[in-house]
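Data first, discussion second: the structure below is written as structure tokens.
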Amino acid sequence: MSSKVKYAIIGSGMMGREHIQNISLLGDTEVTALFDPDDHQLSLSIPLAPQATIYKDFRDLIKDTNVDAFVIASPNHTHVEILKEILANDSRAILAEKPLCTKAEDCRAIAELADSYKAPIWVAMEYRYMPAVTELLNRVRAGTVGDPKMIAVQEHRFPFLTKVGDWNRFNINTGGTLVEKCCHFFDLMRLIADDNAVRVYASGAPDVNFLDESYEGKTPDIIDNAFVIIDFASGKRASLSLCMFCDGSYFQEEISVLGAKGKLECRVPGPDRLWAVDNLDDLGHSTGFTGEHRESEIVFSPRSPKGPIRETVRVDTSLQLAGDHQGSTFYQHQRFHDVLRGKGKVEVTVDDGLQAVLIGLAAEQSIREHRAIEIKEL
Ligand SMILES: NC(=O)c1ccc[n+]([C@@H]2O[C@H](COP(=O)([O-])OP(=O)(O)OC[C@H]3O[C@@H](n4cnc5c(N)ncnc54)[C@H](O)[C@@H]3O)[C@@H](O)[C@H]2O)c1
């Protein structure tokens with residue numbers, strides 16, 4: 001590998017640009033190739049990577065030899081085709097945005113191809129790398145609460161933003177809200193439980209958001225609120241409370257881990273640019289006003305002595321400004337970059353991506369069928 005690590009971005013919308021910005025912060029890197037079918041999105045991305053070669057077809061981009069790693073940040077339903085094309089024809093590293101794919105059979109097909117792929121494949125699960133979440137994970141591993149028995153995740157936040165071509169308004173494109181958004185939380189639950197899920201029960205509905213929108217005569221069908229309960233093989237259990245019409249919540253994510261020694265929580269605010277900001281453009285980008293800055297926190301509540309211990313977890317301002325995910329995209333890229341330099345190993349595998357999607361799909365099916373779904377049914 002030359003002195004700079006060279007990246008190709010496939011899909012340069014909101015998340016693709018967050019990747020470009022964070023790759024640039026690493027220093028010895030260069031984005032050398034870009035593909036996006038949307039000219040407007042390209043026009044927003046090119047200034048962030050002015051040296052990149054622009055492609056009109058991702059199949060041509062894949063042939064570019066001036067690339068060390070592919071970053072896939074296209075809509076969920078397009079991941080399978082792009083991954084299949086790279087896995088069948090290439091042997092360079094891949095960072096693929098979550099969810100791995102939108103269907104169980106597609107995830108499994110990718111997992112099979114990945115088995116014989118000669119280069120690292122990393123599924124982008126940024127939430128693992130939010131500083132407060134990383135701290136929570138480290139403390140759980142260090143035994144702060146004892147063996148984790150219960151994991152409770154609450155996400156109360158603003159509605160989905162407008163996306164290019166409105167792909168995120170329909171289950172057919174996203175896999176469903178519990179796949180699209182919540183695979184992050186199912187991934188964290190698996191990591192904390194150090195186990196795989198066996199059974200999922202969920203209740204949810206599209207109750208509030210986007211009901212007045214229509215796309216070629218169709219109303220969006222994605223749910224905006226749900227409760228999900230997950231049983232792990234070991235008997236550990238987890239729950240998710242999701243509400244996506246809760247723009248006013250001070251914290252966006254609250255994650256609790258409970259064991260015989262006590263309770264450990266982390267609380268993470270949403271992006272500053274969306275807090276108390278009313279003047280967004282139609283893609284949810286701030287038109288100038290910067291919202292109030294909120295800090296993450298971590299709280300340990302031992303059973304004895306009583307009294308929670310609260311700590312603030314700060315995130316570097318330059319990292320806050322390079323995306324919507326509390327600096328996590330930067331920290332994830334740091335680790336991925338280590339892998340590209342031969343110094344680390346893949347931390348979020350294709351199997352991690354597959355397992356998180358399976359829990360999300362089971363939860364979506366449970367909502368439709370009003371019954372608990374065994375993961376082995378999928
Ligand atoms: N990990 C996270 O925290 C996180 C956050 C946001 C989005 N995402 C994921 O990133 C991906 C992109 O989401 P986004 O928010 O940037 O959406 P977006 O709509 O802002 O951007 C998607 C881009 O992909 C382009 N595109 C459409 N079809 C394509 C194709 N076949 N090949 C390549 N590009 C194509 C679109 O023109 C658009 O510019 C999704 O998979 C989403 O789930 C992850």
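Convention: chains lettered A, B, ... in structure tokens order; per-chain residue numbering from 1; ligands numbered from 1 as shown.
Residues within 8 Å of Pro220 (chain A), counting only C-alpha atoms and excluding same-chain residues fewer than 4 positions away, are Arg169, Phe170, Phe210, Leu211, Glu213, Ser214 and Tyr215 of chain A.
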Please save C-alpha atoms of the selected residues as a compact mmCIF listing (two decimals), in the first residue's frame.
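Dumped everything to result-v2.txt:
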# COMPACT_ATOMS: atom_id res chain seq x y z
CA ARG A 169 -40.29 5.90 3.53
CA PHE A 170 -41.01 2.27 2.58
CA PHE A 210 -45.57 10.81 7.35
CA LEU A 211 -49.24 9.78 7.29
CA GLU A 213 -47.28 12.04 2.63
CA SER A 214 -47.95 10.22 -0.64
CA TYR A 215 -45.50 8.78 -3.18
- Task: Could you please extract the residues within 8 Å of ligand 1, counting only C-alpha atoms and all ligand atoms, and hand them back as a ChimeraX atom specification?
- Result: /A:10-17,35-39,41-42,58,72-79,82,97-99,124-127,162-168,174,180-181,184,283,324-325,329
Please write the residues from the selection above to a file, keeping C-alpha atoms, as a PDB file, in the first residue's frame.
ATOM      1  CA  ILE A  10     -20.257   4.258  -3.331  1.00  0.00           C
ATOM      2  CA  GLY A  11     -23.287   6.407  -2.510  1.00  0.00           C
ATOM      3  CA  SER A  12     -22.339   9.924  -1.486  1.00  0.00           C
ATOM      4  CA  GLY A  13     -25.466  11.198   0.207  1.00  0.00           C
ATOM      5  CA  MET A  14     -25.655  12.243   3.858  1.00  0.00           C
ATOM      6  CA  MET A  15     -23.746   9.249   5.216  1.00  0.00           C
ATOM      7  CA  GLY A  16     -21.329   9.045   2.308  1.00  0.00           C
ATOM      8  CA  ARG A  17     -20.295  12.641   3.019  1.00  0.00           C
ATOM      9  CA  PHE A  35     -20.021   7.073  -7.414  1.00  0.00           C
ATOM     10  CA  ASP A  36     -23.529   8.416  -6.958  1.00  0.00           C
ATOM     11  CA  PRO A  37     -26.374   8.325  -9.504  1.00  0.00           C
ATOM     12  CA  ASP A  38     -27.669  11.680  -8.265  1.00  0.00           C
ATOM     13  CA  ASP A  39     -25.898  14.724  -9.731  1.00  0.00           C
ATOM     14  CA  GLN A  41     -25.550  14.750  -4.283  1.00  0.00           C
ATOM     15  CA  LEU A  42     -22.336  14.497  -6.283  1.00  0.00           C
ATOM     16  CA  PHE A  58     -20.269   1.628  -9.832  1.00  0.00           C
ATOM     17  CA  ILE A  72     -20.716   1.445   0.615  1.00  0.00           C
ATOM     18  CA  ALA A  73     -23.143   4.143   1.767  1.00  0.00           C
ATOM     19  CA  SER A  74     -26.006   3.694  -0.682  1.00  0.00           C
ATOM     20  CA  PRO A  75     -29.652   3.002   0.305  1.00  0.00           C
ATOM     21  CA  ASN A  76     -30.234  -0.264   2.191  1.00  0.00           C
ATOM     22  CA  HIS A  77     -31.904  -2.161  -0.654  1.00  0.00           C
ATOM     23  CA  THR A  78     -28.949  -1.487  -2.985  1.00  0.00           C
ATOM     24  CA  HIS A  79     -26.314  -3.020  -0.671  1.00  0.00           C
ATOM     25  CA  ILE A  82     -23.115  -3.779  -4.843  1.00  0.00           C
ATOM     26  CA  GLU A  97     -23.041   0.575   5.895  1.00  0.00           C
ATOM     27  CA  LYS A  98     -25.649  -1.126   8.027  1.00  0.00           C
ATOM     28  CA  PRO A  99     -28.010  -2.849   7.561  1.00  0.00           C
ATOM     29  CA  ALA A 124     -20.505  -0.113   9.726  1.00  0.00           C
ATOM     30  CA  MET A 125     -22.145  -0.146  13.156  1.00  0.00           C
ATOM     31  CA  GLU A 126     -21.217   3.352  14.285  1.00  0.00           C
ATOM     32  CA  TYR A 127     -23.097   3.237  17.577  1.00  0.00           C
ATOM     33  CA  THR A 162     -35.914  13.167   4.092  1.00  0.00           C
ATOM     34  CA  LYS A 163     -33.602  11.008   1.973  1.00  0.00           C
ATOM     35  CA  VAL A 164     -32.577  11.152  -1.666  1.00  0.00           C
ATOM     36  CA  GLY A 165     -35.480   9.730  -3.689  1.00  0.00           C
ATOM     37  CA  ASP A 166     -37.396   9.194  -0.407  1.00  0.00           C
ATOM     38  CA  TRP A 167     -36.104   5.608  -0.221  1.00  0.00           C
ATOM     39  CA  ASN A 168     -36.491   5.522   3.563  1.00  0.00           C
ATOM     40  CA  THR A 174     -35.256  -0.141   4.248  1.00  0.00           C
ATOM     41  CA  GLU A 180     -32.944   0.046   9.161  1.00  0.00           C
ATOM     42  CA  LYS A 181     -32.497   1.987  12.379  1.00  0.00           C
ATOM     43  CA  HIS A 184     -27.579  -0.754  15.712  1.00  0.00           C
ATOM     44  CA  LEU A 283     -32.846  17.066   3.426  1.00  0.00           C
ATOM     45  CA  ASP A 324     -24.319  13.267  13.236  1.00  0.00           C
ATOM     46  CA  HIS A 325     -23.046  10.377  15.320  1.00  0.00           C
ATOM     47  CA  THR A 329     -17.762   7.534  12.420  1.00  0.00           C
TER      48      THR A 329
END
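Proximity ranking of A:Ser3, A:Ser45, A:Ser203, A:Gln51 relative to His19 (chain A) places A:Ser45 first, based on only C-alpha atoms.
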- Extract the full set of strand (DSSP E or B) residues from region 128-297 of chain A according to DSSP on the backbone, and format it as a ChimeraX atom specification. /A:150-156,197-205,215,218,225-232,237-243,253-259,262-268,280,286,296-297
- Message: So that I can see what lies close to Ile20 (chain A), please list as number ranges by chain the residues with an atom at most 9 Å from it, counting only C-alpha atoms and leaving out residues fewer than 6 positions away in the same chain.
- Response: A: 7, 9, 12, 30-31, 45, 48-49
- Task: Can you work out the spacing between CA of Ser116 (chain A) and CA of Leu87 (chain A) in Å, to one decimal?
- Result: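 CA of Leu87 (chain A) lies 8.9 Å from CA of Ser116 (chain A).
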- Using only C-alpha atoms, which residues sit within 10 Å of Arg303 (chain A) once same-chain residues fewer than 6 positions away are excluded, as a PyMOL selection string? chain A and resi 145+259-263
Region 180-282 of chain A residues near region 344-362 of chain A within 8 Å, closest pair each, using only C-alpha atoms, as a tab-separated table:
residue	atom	partner	partner_atom	distance
A:Cys182	CA	A:Gly360	CA	6.8
A:Cys183	CA	A:Ala356	CA	5.0
A:His184	CA	A:Ala356	CA	7.3
A:Phe186	CA	A:Ala356	CA	5.3
A:Asp187	CA	A:Ala356	CA	5.2
A:Asn196	CA	A:Gln355	CA	7.5
A:Ala197	CA	A:Ile359	CA	7.1
A:Val200	CA	A:Ala362	CA	6.1
A:Tyr201	CA	A:Ala362	CA	7.9
- Item | Backbone DSSP call of alpha helix (DSSP H) for region 133-202 of chain A, listed as number ranges by chain | A: 133-141, 171-174, 177-180, 183-193
- Message: Please compute the CA of Pro50 (chain A)-CA of Phe336 (chain A) distance, one decimal, in Å.
- Response: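 Between CA of Pro50 (chain A) and CA of Phe336 (chain A) the gap works out to 22.9 Å.
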- Message: Give me the residues near Met244 (chain A) as a PyMOL selection string, where near means some atom within 8 Å (using only C-alpha atoms) and where sequence neighbours in that chain fewer than 5 positions away do not count.
- Response: chain A and resi 155-160+209+224-225
- Task: Using only C-alpha atoms, determine which residues lie at most 9 Å from Asp64 (chain A), disregarding the query and same-chain residues fewer than 3 positions distant; provide the list as a PyMOL selection string.
- Result: chain A and resi 8+33+60-61+67
- Query: Looking at only C-alpha atoms, which of A:Val198, A:Leu137, A:Ala132, A:Leu83 is the one that sits closest to Ser328 (chain A)?
  - Reply: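 Comparing A:Val198, A:Leu137, A:Ala132, A:Leu83 against Ser328 (chain A), the winner is A:Ala132.
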- Query: Of the candidates A:Arg310, A:Leu191, A:Thr144, A:Gly175, which one gets nearest to Asp106 (chain A) if we count only C-alpha atoms?
  - Reply: A:Gly175
- Using only C-alpha atoms, find the one residue out of A:Val133, A:Ala233, A:Ile192, A:Ile121 that sits nearest to Glu374 (chain A).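 Checking each of A:Val133, A:Ala233, A:Ile192, A:Ile121 against Glu374 (chain A), counting only C-alpha atoms, the winner is A:Ala233.
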- Item | Residues within 12 Å of Ser234 (chain A), only C-alpha atoms, excluding chain neighbours under 6 positions, as a list of chain:residue names |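 Contacts, in chain order: A:Asp147, A:Pro148, A:Lys149, A:Met150, A:Arg190, A:Ala193, A:Asp194, A:Asp195, A:Asn196, A:Ala197, A:Val198, A:Arg199.
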Write the residues you've just listed into a file as an mmCIF file, in the first residue's frame, and include N, CA, C and O atoms for each of them.
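For reference, selection_20.cif as written:
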data_model
loop_
_atom_site.group_PDB
_atom_site.id
_atom_site.type_symbol
_atom_site.label_atom_id
_atom_site.label_comp_id
_atom_site.auth_asym_id
_atom_site.auth_seq_id
_atom_site.Cartn_x
_atom_site.Cartn_y
_atom_site.Cartn_z
ATOM 1 N N ASP A 147 -22.307 -10.155 35.676
ATOM 2 C CA ASP A 147 -22.748 -10.713 34.397
ATOM 3 C C ASP A 147 -24.041 -9.984 33.987
ATOM 4 O O ASP A 147 -25.012 -9.984 34.745
ATOM 5 N N PRO A 148 -24.071 -9.367 32.802
ATOM 6 C CA PRO A 148 -25.286 -8.622 32.421
ATOM 7 C C PRO A 148 -26.474 -9.570 32.277
ATOM 8 O O PRO A 148 -26.362 -10.596 31.614
ATOM 9 N N LYS A 149 -27.569 -9.233 32.920
ATOM 10 C CA LYS A 149 -28.776 -10.075 32.828
ATOM 11 C C LYS A 149 -29.857 -9.407 31.990
ATOM 12 O O LYS A 149 -30.624 -10.085 31.313
ATOM 13 N N MET A 150 -29.952 -8.086 32.113
ATOM 14 C CA MET A 150 -30.970 -7.333 31.369
ATOM 15 C C MET A 150 -30.307 -6.151 30.654
ATOM 16 O O MET A 150 -29.439 -5.496 31.224
ATOM 17 N N ARG A 190 -26.362 -7.723 21.413
ATOM 18 C CA ARG A 190 -25.593 -8.964 21.198
ATOM 19 C C ARG A 190 -24.198 -8.840 21.795
ATOM 20 O O ARG A 190 -23.677 -9.764 22.396
ATOM 21 N N ALA A 193 -24.580 -8.867 25.644
ATOM 22 C CA ALA A 193 -24.975 -10.202 26.127
ATOM 23 C C ALA A 193 -23.913 -11.242 25.775
ATOM 24 O O ALA A 193 -23.875 -12.320 26.356
ATOM 25 N N ASP A 194 -23.048 -10.905 24.804
ATOM 26 C CA ASP A 194 -22.052 -11.846 24.290
ATOM 27 C C ASP A 194 -22.748 -13.144 23.869
ATOM 28 O O ASP A 194 -22.349 -14.248 24.245
ATOM 29 N N ASP A 195 -23.814 -12.979 23.118
ATOM 30 C CA ASP A 195 -24.683 -14.118 22.818
ATOM 31 C C ASP A 195 -25.550 -13.781 21.598
ATOM 32 O O ASP A 195 -25.648 -12.617 21.200
ATOM 33 N N ASN A 196 -26.185 -14.820 21.066
ATOM 34 C CA ASN A 196 -27.121 -14.600 19.962
ATOM 35 C C ASN A 196 -28.562 -14.679 20.443
ATOM 36 O O ASN A 196 -28.877 -15.417 21.386
ATOM 37 N N ALA A 197 -29.435 -13.939 19.765
ATOM 38 C CA ALA A 197 -30.866 -13.958 20.102
ATOM 39 C C ALA A 197 -31.495 -15.253 19.608
ATOM 40 O O ALA A 197 -31.086 -15.799 18.579
ATOM 41 N N VAL A 198 -32.505 -15.727 20.349
ATOM 42 C CA VAL A 198 -33.247 -16.911 19.880
ATOM 43 C C VAL A 198 -34.709 -16.586 19.579
ATOM 44 O O VAL A 198 -35.358 -17.294 18.813
ATOM 45 N N ARG A 199 -35.235 -15.539 20.213
ATOM 46 C CA ARG A 199 -36.682 -15.286 20.115
ATOM 47 C C ARG A 199 -36.947 -13.778 20.248
ATOM 48 O O ARG A 199 -36.284 -13.096 21.035
#
- Query: Which residue gives the smallest distance to Phe232 (chain A) among A:Leu321, A:Ile309, A:Ile375, A:Ala104, with only C-alpha atoms counted?
  - Reply: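 Of A:Leu321, A:Ile309, A:Ile375, A:Ala104, the one nearest Phe232 (chain A) is A:Ile375, counting only C-alpha atoms.
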